[in-house]
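Colleague: Just so it is clear, I am handing over run03.txt, which has compact mmCIF, C-alpha atoms.
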# COMPACT_ATOMS: atom_id res chain seq x y z
CA MET A 9 -21.07 -7.39 36.39
CA TYR A 10 -21.34 -3.93 34.88
CA GLY A 11 -24.02 -4.07 32.22
CA GLY A 12 -23.25 -0.89 30.33
CA MET A 13 -24.54 2.64 30.70
CA ARG A 14 -28.21 3.30 30.03
CA SER A 15 -29.19 6.79 28.90
CA SER A 16 -32.70 7.35 27.57
CA GLY A 17 -32.91 3.67 26.71
CA ARG A 18 -29.52 3.67 24.94
CA MET A 19 -26.81 1.16 25.69
CA PHE A 20 -23.07 1.70 25.81
CA ARG A 21 -20.49 -0.77 26.99
CA ILE A 22 -16.75 -1.31 26.72
CA ILE A 23 -15.68 -4.77 25.57
CA MET A 24 -12.51 -6.43 26.84
CA ARG A 25 -10.86 -9.08 24.67
CA HIS A 26 -8.27 -11.49 26.02
CA ALA A 27 -7.00 -14.69 24.41
CA GLY A 28 -9.87 -14.61 21.92
CA VAL A 29 -12.54 -14.29 24.64
CA SER A 30 -14.78 -11.18 24.80
CA ARG A 31 -16.45 -9.85 27.94
CA GLU A 32 -17.86 -6.61 29.22
CA MET A 33 -15.43 -4.45 31.10
CA GLY A 34 -16.00 -4.59 34.83
CA GLY A 35 -16.54 -1.61 37.08
CA GLU A 36 -18.90 -0.31 39.71
CA GLU A 37 -21.95 1.04 37.91
CA LEU A 38 -22.29 3.89 40.39
CA SER A 39 -18.61 4.84 40.19
CA LEU A 40 -18.32 8.47 39.11
CA ALA A 41 -15.26 7.74 36.90
CA VAL A 42 -17.07 4.89 35.12
CA GLN A 43 -20.08 7.13 34.47
CA ARG A 44 -18.01 10.08 33.26
CA VAL A 45 -15.89 7.98 30.88
CA ASP A 46 -19.00 6.32 29.44
CA GLN A 47 -20.72 9.71 29.10
CA MET A 48 -17.63 11.07 27.34
CA PHE A 49 -17.75 8.28 24.77
CA ILE A 50 -21.53 8.53 24.28
CA GLN A 51 -21.45 12.30 23.77
CA ALA A 52 -18.48 12.02 21.37
CA LEU A 53 -20.27 9.36 19.33
CA ASP A 54 -23.54 11.32 19.29
CA ALA A 55 -21.67 14.41 18.09
CA GLY A 56 -19.92 12.47 15.30
CA ALA A 57 -16.46 13.18 16.73
CA SER A 58 -13.45 11.59 15.05
CA ASP A 59 -11.10 12.10 18.02
CA ILE A 60 -11.27 12.57 21.79
CA HIS A 61 -8.49 14.57 23.48
CA MET A 62 -7.88 14.24 27.23
CA HIS A 63 -5.41 17.04 27.90
CA PRO A 64 -3.97 17.44 31.42
CA GLU A 65 -3.32 20.98 32.55
CA HIS A 66 -2.32 22.42 35.91
CA ASN A 67 -4.95 21.04 38.35
CA ALA A 68 -7.40 20.27 35.51
CA LEU A 69 -8.21 17.85 32.70
CA ARG A 70 -9.48 19.45 29.51
CA ILE A 71 -11.57 17.19 27.25
CA ARG A 72 -12.04 18.17 23.61
CA PHE A 73 -13.75 16.53 20.63
CA ARG A 74 -12.63 16.86 17.02
CA ILE A 75 -15.76 17.28 14.91
CA ASP A 76 -15.55 17.86 11.14
CA GLY A 77 -11.83 18.41 11.52
CA VAL A 78 -12.09 21.14 14.18
CA LEU A 79 -11.49 20.76 17.94
CA HIS A 80 -14.36 21.74 20.25
CA GLU A 81 -14.07 21.97 24.02
CA HIS A 82 -16.36 19.49 25.76
CA GLU A 83 -15.65 19.97 29.46
CA VAL A 84 -12.97 20.79 32.02
CA ILE A 85 -12.63 18.53 35.07
CA THR A 86 -10.94 19.96 38.15
CA GLN A 87 -11.32 17.19 40.79
CA PRO A 88 -7.85 15.54 41.10
CA ASP A 89 -9.20 12.14 42.21
CA LEU A 90 -11.71 12.02 39.34
CA ILE A 91 -9.04 13.02 36.82
CA GLN A 92 -6.75 10.17 37.84
CA SER A 93 -9.63 7.68 37.99
CA MET A 94 -10.82 8.59 34.48
CA ILE A 95 -7.32 8.28 33.02
CA SER A 96 -6.88 4.90 34.76
CA ARG A 97 -10.25 3.74 33.42
CA VAL A 98 -9.28 4.60 29.85
CA LYS A 99 -5.82 3.03 30.18
CA LEU A 100 -7.31 -0.16 31.61
CA ALA A 101 -9.87 -0.35 28.80
CA ALA A 102 -7.08 0.08 26.23
CA ASN A 103 -5.00 -2.68 27.89
CA LEU A 104 -2.22 -0.23 28.81
CA HIS A 105 0.04 -0.56 31.83
CA LEU A 106 -1.41 1.49 34.68
CA ASP A 107 1.93 1.81 36.48
CA GLU A 108 3.79 3.03 33.38
CA LYS A 109 3.68 6.83 33.48
CA ARG A 110 7.05 7.77 31.99
CA ASP A 111 6.84 6.23 28.52
CA THR A 112 4.48 6.41 25.55
CA GLN A 113 1.89 3.65 25.15
CA ASP A 114 -0.54 2.65 22.41
CA GLY A 115 -3.67 0.54 22.70
CA ARG A 116 -7.18 -0.06 21.44
CA ILE A 117 -10.63 0.12 23.04
CA ASP A 118 -13.51 -1.95 21.67
CA MET A 119 -17.05 -0.84 22.46
CA GLU A 120 -20.69 -1.31 21.57
CA TYR A 121 -23.21 1.50 21.28
CA LEU A 122 -26.74 1.38 19.89
CA ASP A 123 -26.06 -2.08 18.44
CA ARG A 124 -22.98 -0.72 16.66
CA ARG A 125 -19.52 -2.18 17.18
CA LEU A 126 -16.85 0.48 17.29
CA SER A 127 -13.30 0.89 18.50
CA ALA A 128 -10.88 3.63 19.45
CA ARG A 129 -7.16 3.78 18.77
CA VAL A 130 -5.54 5.08 21.95
CA SER A 131 -2.25 6.92 22.35
CA CYS A 132 -0.94 7.90 25.78
CA ILE A 133 2.06 10.16 26.29
CA PRO A 134 3.56 11.63 29.50
CA THR A 135 3.56 15.44 29.68
CA LEU A 136 4.59 18.07 32.19
CA ASN A 137 1.15 17.99 33.86
CA GLY A 138 0.40 14.27 33.58
CA GLU A 139 -0.60 11.71 30.98
CA ARG A 140 -2.21 13.02 27.80
CA ILE A 141 -4.53 10.66 25.94
CA VAL A 142 -5.83 10.99 22.40
CA MET A 143 -8.35 8.50 21.02
CA ARG A 144 -9.19 8.13 17.32
CA ILE A 145 -12.70 6.71 16.99
CA LEU A 146 -12.97 4.02 14.32
CA ASP A 147 -16.43 3.26 12.97
CA PRO A 148 -16.62 0.23 10.64
CA ALA A 149 -19.68 1.78 8.96
CA LYS A 150 -17.43 4.53 7.59
CA MET A 151 -15.25 1.90 5.94
CA GLN A 152 -18.15 1.00 3.68
CA VAL A 153 -18.30 4.47 2.17
CA LYS A 154 -18.70 4.44 -1.62
CA LEU A 155 -16.56 6.34 -4.09
CA ASP A 156 -19.65 8.18 -5.29
CA SER A 157 -20.19 9.72 -1.85
CA LEU A 158 -16.68 11.20 -1.39
CA GLY A 159 -17.38 14.33 -3.45
CA MET A 160 -15.23 13.54 -6.50
CA PRO A 161 -16.10 15.50 -9.66
CA GLN A 162 -17.55 13.30 -12.41
CA ASP A 163 -14.42 13.38 -14.58
CA VAL A 164 -12.21 12.46 -11.62
CA ILE A 165 -14.32 9.53 -10.50
CA THR A 166 -14.60 8.26 -14.08
CA HIS A 167 -10.83 8.25 -14.62
CA TRP A 168 -10.13 6.88 -11.12
CA ARG A 169 -12.56 3.97 -11.62
CA ARG A 170 -10.95 3.25 -14.98
CA ALA A 171 -7.50 3.22 -13.37
CA LEU A 172 -8.68 0.78 -10.71
CA GLN A 173 -9.54 -1.74 -13.42
CA VAL A 174 -6.04 -1.99 -14.87
CA ALA A 175 -4.23 -5.28 -14.29
CA TYR A 176 -1.07 -3.70 -12.91
CA GLY A 177 0.50 -0.36 -12.10
CA MET A 178 0.54 2.12 -9.23
CA LEU A 179 -2.19 4.50 -8.04
CA VAL A 180 -1.22 7.10 -5.44
CA VAL A 181 -3.43 9.30 -3.24
CA THR A 182 -1.70 12.32 -1.73
CA GLY A 183 -2.48 14.91 0.90
CA PRO A 184 -1.68 15.84 4.50
CA THR A 185 -2.77 13.90 7.56
CA GLY A 186 -6.54 14.02 7.98
CA SER A 187 -7.36 14.68 4.33
CA GLY A 188 -9.34 11.47 3.85
CA LYS A 189 -6.73 9.45 1.93
CA THR A 190 -7.41 6.20 3.81
CA SER A 191 -11.16 6.52 3.22
CA THR A 192 -10.49 6.90 -0.51
CA LEU A 193 -8.31 3.78 -0.55
CA TYR A 194 -10.89 1.73 1.37
CA ALA A 195 -13.68 2.93 -0.92
CA SER A 196 -11.49 2.01 -3.89
CA LEU A 197 -10.87 -1.51 -2.57
CA HIS A 198 -14.63 -1.97 -2.17
CA THR A 199 -15.04 -1.53 -5.94
CA LEU A 200 -12.67 -4.41 -6.71
CA ASP A 201 -13.59 -8.07 -7.15
CA ARG A 202 -12.49 -9.54 -3.83
CA VAL A 203 -13.58 -13.05 -4.82
CA ARG A 204 -11.47 -13.50 -7.95
CA ARG A 205 -8.60 -11.20 -6.99
CA ASN A 206 -6.29 -11.73 -4.03
CA ILE A 207 -6.15 -8.40 -2.16
CA VAL A 208 -3.58 -7.79 0.59
CA THR A 209 -2.91 -4.65 2.64
CA VAL A 210 -0.13 -3.47 4.93
CA GLU A 211 -1.21 -0.65 7.24
CA ASP A 212 -0.09 1.30 10.28
CA PRO A 213 -2.51 1.01 11.90
CA VAL A 214 -5.27 -1.19 10.49
CA GLU A 215 -8.14 1.25 11.05
CA TYR A 216 -11.01 -0.79 9.62
CA GLU A 217 -11.35 -4.52 9.15
CA PHE A 218 -12.73 -5.97 5.92
CA PRO A 219 -15.32 -8.68 6.51
CA ASP A 220 -13.97 -11.12 3.92
CA ASN A 221 -11.37 -11.96 1.28
CA VAL A 222 -8.84 -9.29 2.22
CA MET A 223 -5.62 -10.08 4.10
CA GLN A 224 -4.66 -7.13 6.30
CA VAL A 225 -1.26 -6.87 8.00
CA GLN A 226 -0.56 -4.53 10.91
CA VAL A 227 2.86 -2.84 10.90
CA THR A 228 4.83 -3.25 14.14
CA GLU A 229 8.38 -2.55 15.28
CA LYS A 230 9.26 -6.06 14.13
CA ILE A 231 7.07 -6.23 11.03
CA THR A 232 8.03 -3.04 9.19
CA PHE A 233 6.51 -1.82 5.93
CA PRO A 234 9.39 -3.18 3.76
CA ARG A 235 9.46 -6.53 5.57
CA ALA A 236 5.69 -6.96 5.33
CA LEU A 237 5.72 -6.00 1.64
CA ARG A 238 8.44 -8.49 0.79
CA ALA A 239 6.48 -11.23 2.58
CA MET A 240 3.24 -10.21 0.84
CA LEU A 241 4.75 -10.75 -2.60
CA ARG A 242 5.12 -14.45 -1.70
CA HIS A 243 1.37 -14.70 -1.03
CA ASP A 244 0.36 -14.49 -4.70
CA PRO A 245 -1.36 -11.07 -4.52
CA ASP A 246 -3.23 -9.39 -7.36
CA VAL A 247 -3.77 -6.09 -5.51
CA ILE A 248 -1.53 -4.61 -2.81
CA MET A 249 -2.55 -1.65 -0.68
CA ILE A 250 0.32 0.10 1.11
CA GLY A 251 -1.09 2.32 3.85
CA GLU A 252 1.66 4.90 3.33
CA ILE A 253 4.91 5.07 1.39
CA ARG A 254 7.28 6.44 4.02
CA ASP A 255 10.77 5.58 2.80
CA ARG A 256 12.87 4.69 -0.22
CA GLU A 257 12.72 0.96 0.39
CA SER A 258 8.92 0.84 0.55
CA LEU A 259 8.68 2.92 -2.63
CA GLN A 260 11.11 0.67 -4.51
CA ILE A 261 9.27 -2.49 -3.45
CA GLY A 262 5.96 -0.91 -4.51
CA ILE A 263 7.38 0.04 -7.92
CA GLN A 264 8.83 -3.45 -8.42
CA ALA A 265 5.47 -4.98 -7.50
CA ALA A 266 3.74 -2.73 -10.03
CA LEU A 267 6.32 -3.70 -12.67
CA THR A 268 5.78 -7.42 -12.08
CA GLY A 269 2.04 -7.51 -12.64
CA HIS A 270 0.45 -6.21 -9.43
CA LEU A 271 -1.96 -3.33 -8.90
CA VAL A 272 -0.51 -1.20 -6.09
CA LEU A 273 -2.53 1.43 -4.20
CA SER A 274 -0.84 3.72 -1.69
CA THR A 275 -0.68 7.17 -0.11
CA LEU A 276 2.06 9.76 -0.07
CA HIS A 277 2.48 13.11 1.67
CA THR A 278 2.72 15.88 -0.95
CA ASN A 279 0.96 19.21 -1.42
CA ASN A 280 -0.64 18.38 -4.76
CA ALA A 281 -0.79 15.78 -7.51
CA ILE A 282 1.98 17.28 -9.66
CA GLU A 283 4.43 17.24 -6.74
CA THR A 284 3.94 13.48 -6.42
CA LEU A 285 6.36 12.94 -9.30
CA SER A 286 9.18 15.04 -7.84
CA ARG A 287 8.57 13.58 -4.38
CA MET A 288 8.99 10.03 -5.69
CA ILE A 289 12.20 11.07 -7.45
CA ASP A 290 13.48 12.70 -4.24
CA MET A 291 12.81 9.40 -2.44
CA GLY A 292 15.17 7.62 -4.85
CA ALA A 293 12.89 6.30 -7.60
CA GLU A 294 14.17 6.46 -11.17
CA ASP A 295 12.08 8.69 -13.42
CA TYR A 296 11.74 6.01 -16.11
CA LEU A 297 10.42 3.52 -13.53
CA ILE A 298 7.86 6.06 -12.28
CA ALA A 299 6.79 6.66 -15.89
CA ALA A 300 6.45 2.91 -16.47
CA THR A 301 4.40 2.14 -13.34
CA LEU A 302 2.43 5.18 -12.15
CA GLN A 303 -1.08 5.24 -13.62
CA CYS A 304 -2.34 8.36 -11.85
CA ALA A 305 -1.85 10.52 -8.76
CA MET A 306 -4.81 12.03 -6.95
CA ALA A 307 -4.52 14.82 -4.37
CA GLN A 308 -7.34 15.66 -1.99
CA ARG A 309 -8.42 17.79 0.95
CA LEU A 310 -11.51 17.80 3.17
CA VAL A 311 -13.71 20.88 3.51
CA ARG A 312 -16.70 21.37 5.78
CA VAL A 313 -20.19 21.39 4.28
CA ILE A 314 -22.57 24.27 4.99
CA CYS A 315 -25.28 23.28 7.47
CA PRO A 316 -28.56 22.98 5.49
CA ASP A 317 -30.63 24.14 8.47
CA CYS A 318 -28.99 27.57 8.86
CA ARG A 319 -27.77 28.22 5.32
CA ALA A 320 -27.93 31.91 4.38
CA PRO A 321 -26.72 34.14 1.50
CA TYR A 322 -23.27 35.63 1.82
CA GLN A 323 -21.25 38.28 0.01
CA PRO A 324 -17.59 37.23 -0.31
CA THR A 325 -14.82 39.77 0.14
CA PRO A 326 -12.70 40.94 -2.83
CA ASP A 327 -9.77 38.98 -1.39
CA GLU A 328 -11.85 35.79 -1.31
CA ILE A 329 -12.99 36.32 -4.90
CA ALA A 330 -9.39 36.88 -5.99
CA ALA A 331 -8.11 33.84 -4.06
CA LEU A 332 -10.75 31.60 -5.64
CA ARG A 333 -9.97 33.10 -9.07
CA ILE A 334 -13.60 33.74 -9.90
CA PRO A 335 -13.87 35.65 -13.22
CA GLN A 336 -15.64 38.98 -12.95
CA GLU A 337 -18.20 37.93 -15.56
CA TRP A 338 -19.32 35.07 -13.29
CA LEU A 339 -20.10 37.29 -10.31
CA ALA A 340 -23.43 38.58 -11.64
CA GLN A 341 -24.83 35.05 -11.72
CA ALA A 342 -22.93 33.61 -8.73
CA ARG A 343 -24.58 33.06 -5.35
CA PHE A 344 -22.61 32.39 -2.18
CA PHE A 345 -23.73 30.94 1.13
CA VAL A 346 -22.56 30.43 4.72
CA GLY A 347 -24.06 28.76 7.76
CA LYS A 348 -25.27 31.19 10.41
CA GLY A 349 -25.05 28.60 13.19
CA CYS A 350 -27.81 26.61 14.85
CA PRO A 351 -28.21 23.86 17.49
CA LYS A 352 -28.03 21.12 14.84
CA CYS A 353 -24.52 22.18 13.80
CA MET A 354 -23.37 23.19 17.31
CA ASN A 355 -23.48 26.83 16.12
CA THR A 356 -20.55 26.27 13.75
CA GLY A 357 -22.47 26.77 10.50
CA TYR A 358 -21.13 23.48 9.15
CA ARG A 359 -22.32 19.89 9.27
CA GLY A 360 -20.27 17.10 7.71
CA ARG A 361 -17.37 17.23 5.28
CA THR A 362 -16.73 16.52 1.63
CA GLY A 363 -13.60 16.21 -0.47
CA ILE A 364 -12.03 18.43 -3.09
CA PHE A 365 -9.84 16.60 -5.58
CA GLU A 366 -7.40 16.84 -8.45
CA LEU A 367 -6.33 13.89 -10.60
CA LEU A 368 -3.12 13.75 -12.63
CA ARG A 369 -3.31 11.05 -15.29
CA ILE A 370 0.06 9.79 -16.50
CA SER A 371 -0.69 10.16 -20.19
CA PRO A 372 1.89 9.45 -22.94
CA ALA A 373 2.73 13.17 -23.04
CA VAL A 374 3.23 13.39 -19.25
CA ARG A 375 5.21 10.13 -19.34
CA GLU A 376 7.53 11.51 -22.02
CA ALA A 377 8.01 14.77 -20.11
CA LEU A 378 8.84 12.82 -16.97
CA ILE A 379 11.47 10.72 -18.75
CA ASN A 380 12.94 13.91 -20.21
CA ARG A 381 13.10 15.35 -16.67
CA ALA A 382 10.75 18.22 -17.34
CA SER A 383 10.05 20.62 -14.48
CA SER A 384 6.85 20.52 -12.43
CA ASP A 385 5.66 23.68 -14.20
CA GLN A 386 6.17 22.07 -17.61
CA ILE A 387 4.30 18.94 -16.56
CA MET A 388 1.52 21.15 -15.17
CA GLN A 389 1.18 22.90 -18.53
CA ILE A 390 0.90 19.57 -20.34
CA ALA A 391 -1.66 18.27 -17.84
CA VAL A 392 -3.81 21.41 -18.09
CA LYS A 393 -3.90 21.08 -21.88
CA GLU A 394 -5.20 17.54 -21.35
CA GLY A 395 -7.98 18.70 -19.03
CA PHE A 396 -6.30 18.67 -15.61
CA ARG A 397 -8.21 20.66 -12.99
CA THR A 398 -6.73 21.62 -9.62
CA MET A 399 -8.22 21.24 -6.15
CA LEU A 400 -8.76 25.00 -6.25
CA ASP A 401 -10.90 24.57 -9.38
CA ASP A 402 -12.94 21.82 -7.70
CA GLY A 403 -13.25 23.85 -4.52
CA ARG A 404 -14.45 26.91 -6.46
CA ASP A 405 -17.10 24.77 -8.15
CA LYS A 406 -18.32 23.53 -4.77
CA VAL A 407 -18.48 27.12 -3.47
CA LEU A 408 -20.52 28.23 -6.49
CA ARG A 409 -22.85 25.27 -5.99
CA GLY A 410 -23.47 26.32 -2.37
CA ILE A 411 -21.82 23.23 -0.85
CA THR A 412 -19.08 24.97 1.10
CA THR A 413 -17.70 28.45 1.80
CA PRO A 414 -14.82 30.44 0.29
CA HIS A 415 -13.06 30.38 3.67
CA GLU A 416 -13.04 26.56 3.77
CA VAL A 417 -11.58 26.17 0.28
CA ILE A 418 -8.96 28.87 0.72
CA GLN A 419 -7.87 27.41 4.04
CA ALA A 420 -7.67 23.90 2.55
CA VAL A 421 -5.71 24.50 -0.65
CA TYR A 422 -3.63 27.65 -0.19
CA ALA A 423 -0.19 26.49 0.85
CA GLY A 424 1.53 28.60 -1.77
CA VAL A 425 1.12 25.90 -4.41
CA TYR A 426 -1.45 27.69 -6.56
CA GLU A 427 -0.14 31.21 -6.31
CA GLY A 428 1.00 33.20 -9.27
Represent the structure contained in this file as structure tokens.
Modeller:
Amino acid sequence: MYGGMRSSGRMFRIIMRHAGVSREMGGEELSLAVQRVDQMFIQALDAGASDIHMHPEHNALRIRFRIDGVLHEHEVITQPDLIQSMISRVKLAANLHLDEKRDTQDGRIDMEYLDRRLSARVSCIPTLNGERIVMRILDPAKMQVKLDSLGMPQDVITHWRRALQVAYGMLVVTGPTGSGKTSTLYASLHTLDRVRRNIVTVEDPVEYEFPDNVMQVQVTEKITFPRALRAMLRHDPDVIMIGEIRDRESLQIGIQAALTGHLVLSTLHTNNAIETLSRMIDMGAEDYLIAATLQCAMAQRLVRVICPDCRAPYQPTPDEIAALRIPQEWLAQARFFVGKGCPKCMNTGYRGRTGIFELLRISPAVREALINRASSDQIMQIAVKEGFRTMLDDGRDKVLRGITTPHEVIQAVYAGVYEG
């Protein structure tokens, strides 16, 4: 029996689960493929990678890690036999069909490392040069992140916490893929009373498992979002988390649930908080129903944090100052920093990520404007008068506080939505 890989006293092993029974994955301990796959996982976990990419090219397999949102090349393997053996090892661990090489497959790998239980969501797709595998590493410890540690400005976290305490209504988190929306929802659920409130979730996929008092449903081809949501409403829920509103039917069910006394949390793909309203209308929701149910919409992005070990002063360019909209009178007092690069940050100048946020509260004035079909610009003007601050504003604050760089903020928020 293969007892896991030992490296400087550290233990790593892949766990196979079948019919409720767990066991270590078999394999010859001296097998080169077994060693290389285990090393790949260990090095990815040590580096804090969120994803592992196994990309087949002509006569080579390129392995890359996504760290702090950026892909870094790990190694290139050129031995054909080793390439095929490593791919087979990963497919076997994920319970995929080894002989299926012409269709997409999805699976999951469970593992233990340094007394931590982790898993990886695996996707395999055939390409011109062979099977490409991407693994999203899921660490249950990250599920327990607290709202206070996400980087929300004080006014945002105060209003968001207040919204979470309402008896019913809808709270929406928006942003592109990889902007930390799921982490925000999980952190939000952790603030709720799971003993006295019945909390149910429908997700695709279920990335992290709650230890108690939360019913989580995995979306499948048979159990779709709308079907799962309709079934959930018969389970006497107080709080419903919808992993993502993808279609008109899911949105309508979510709105009806919010109207009938449930607190609904979900995510939506929009560029910013203001666009959430027009996006929901485009998906078929009536404006008066949105006004009656939506409590607030929060947009977010992730930016990399300057490495504290190689932090150094920096003079931004005029274009960066203009893009961040820093008033000239602030420049005399402002100090800017970048990371020069060091071994602790893999010479990137960054270590870790934090969020930048904007929160649109559906106040009586915004609600009235929505019912009167005001434009996004008009709603923006009302929100700004009531204290609304954009992600660009939050990002600029974090630049001036030396948390991140102008480049990171500009890259994160400039999609044409704040121009003019």
Colleague: So how many Å separate CA of Ile91 in chain A and CA of Asp54 in chain A, to one decimal?
Modeller: 22.8 Å
Colleague: Once you count only C-alpha atoms, what closest atom pair and distance in Å to one decimal does each residue of range 217-303 of chain A within 8 Å of range 382-392 of chain A have, with rows by chain and rising residue number, as a tab-separated table?
Modeller:
residue	atom	partner	partner_atom	distance
A:Ile282	CA	A:Ser384	CA	6.5
A:Glu283	CA	A:Ser384	CA	7.0
A:Ser286	CA	A:Ser384	CA	7.5
Colleague: Measuring atom to atom with all atoms listed in the file, identify which of A:Met288, A:Val313, A:Leu104, A:Val130 is nearest to Thr301 in chain A.
Modeller: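 Closest to Thr301 in chain A of all the choices is A:Met288.
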Colleague: Enumerate, in order of chain and increasing residue number, the residues of range 35-106 of chain A with an atom no farther than 12 Å from range 147-161 of chain A, each with its shortest atom pair and distance in Å to one decimal, counting all atoms listed in the file, as CSV.
Modeller:
residue,atom,partner,partner_atom,distance
A:Leu53,CA,A:Asp147,CA,9.6
A:Gly56,CA,A:Asp147,CA,10.1
A:Ala57,CA,A:Asp147,CA,10.6
A:Ser58,CA,A:Asp147,CA,9.1
A:Asp59,CA,A:Asp147,CA,11.5
Colleague: For a quick check of understanding, using all atoms listed in the file, which of A:Ser131, A:Glu65, A:Arg97, A:Ile248 has the smallest distance to Leu172 in chain A?
Modeller: A:Ile248
Colleague: May I have a table of the residues of range 268-361 of chain A lying at most 10 Å from range 204-221 of chain A, giving each one's closest pair of atoms and their distance in Å to one decimal, counting only C-alpha atoms, ordered by chain and ascending residue number, as JSON lines?
Modeller:
{"residue": "A:Leu271", "atom": "CA", "partner": "A:Ile207", "partner_atom": "CA", "distance": 9.4}
{"residue": "A:Val272", "atom": "CA", "partner": "A:Thr209", "partner_atom": "CA", "distance": 9.7}
{"residue": "A:Leu273", "atom": "CA", "partner": "A:Thr209", "partner_atom": "CA", "distance": 9.2}
{"residue": "A:Ser274", "atom": "CA", "partner": "A:Thr209", "partner_atom": "CA", "distance": 9.6}
Colleague: Mind writing the picked residues with C-alpha atoms as a CSV table (one decimal), in the coordinates of the input?
Modeller:
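Written output follows (selection.csv):
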chain,number,residue,atom,x,y,z
A,271,LEU,CA,-2.0,-3.3,-8.9
A,272,VAL,CA,-0.5,-1.2,-6.1
A,273,LEU,CA,-2.5,1.4,-4.2
A,274,SER,CA,-0.8,3.7,-1.7
Colleague: If I take CA of Gln226 in chain A and CA of Val98 in chain A, how far is one from the other in Å, to one decimal?
Modeller: 22.8 Å
Colleague: Select, from A:Thr356, A:Gln336, A:Thr182, A:Ser191, the residue with the minimum atom-to-atom distance to Cys304 in chain A, counting all atoms listed in the file.
Modeller: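 Among A:Thr356, A:Gln336, A:Thr182, A:Ser191, it is A:Thr182 that comes nearest to Cys304 in chain A.
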Colleague: Pick the closest to Phe365 in chain A from A:Glu294, A:Asp163, A:Asp118, A:Asp201: which is it, counting all atoms listed in the file?
Modeller: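 Ranked by minimum distance to Phe365 in chain A, first place goes to A:Asp163.
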Colleague: Pick out the closest residue to Asp255 in chain A from this set: A:Val84, A:Met223, A:Leu69, A:Ile289. Count all atoms listed in the file.
Modeller: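 The answer is A:Ile289, which sits nearest to Asp255 in chain A.
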Colleague: Taking 5 positions as the minimum chain separation for residues in the same chain, which residues sit within 6 Å of Ile117 in chain A when counting only C-alpha atoms? Answer as a PDB file with C-alpha atoms, in the coordinates of the input.
Modeller:
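Saved result, part-v6.pdb, follows:
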ATOM      1  CA  ALA A 101      -9.870  -0.350  28.800  1.00  0.00           C
ATOM      2  CA  ALA A 102      -7.080   0.080  26.230  1.00  0.00           C
ATOM      3  CA  SER A 127     -13.300   0.890  18.500  1.00  0.00           C
ATOM      4  CA  ALA A 128     -10.880   3.630  19.450  1.00  0.00           C
TER       5      ALA A 128
END
Colleague: What gap, in Å, lies between CA of Ser196 in chain A and CA of Phe233 in chain A?
Modeller: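 So the answer is 20.9 Å.
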Colleague: Which residue, A:Lys352, A:His415, A:Arg256, A:Lys393, has the smallest gap to Leu332 in chain A when you use all atoms listed in the file?
Modeller: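 Checking each candidate against Leu332 in chain A, we get A:His415 as the closest.
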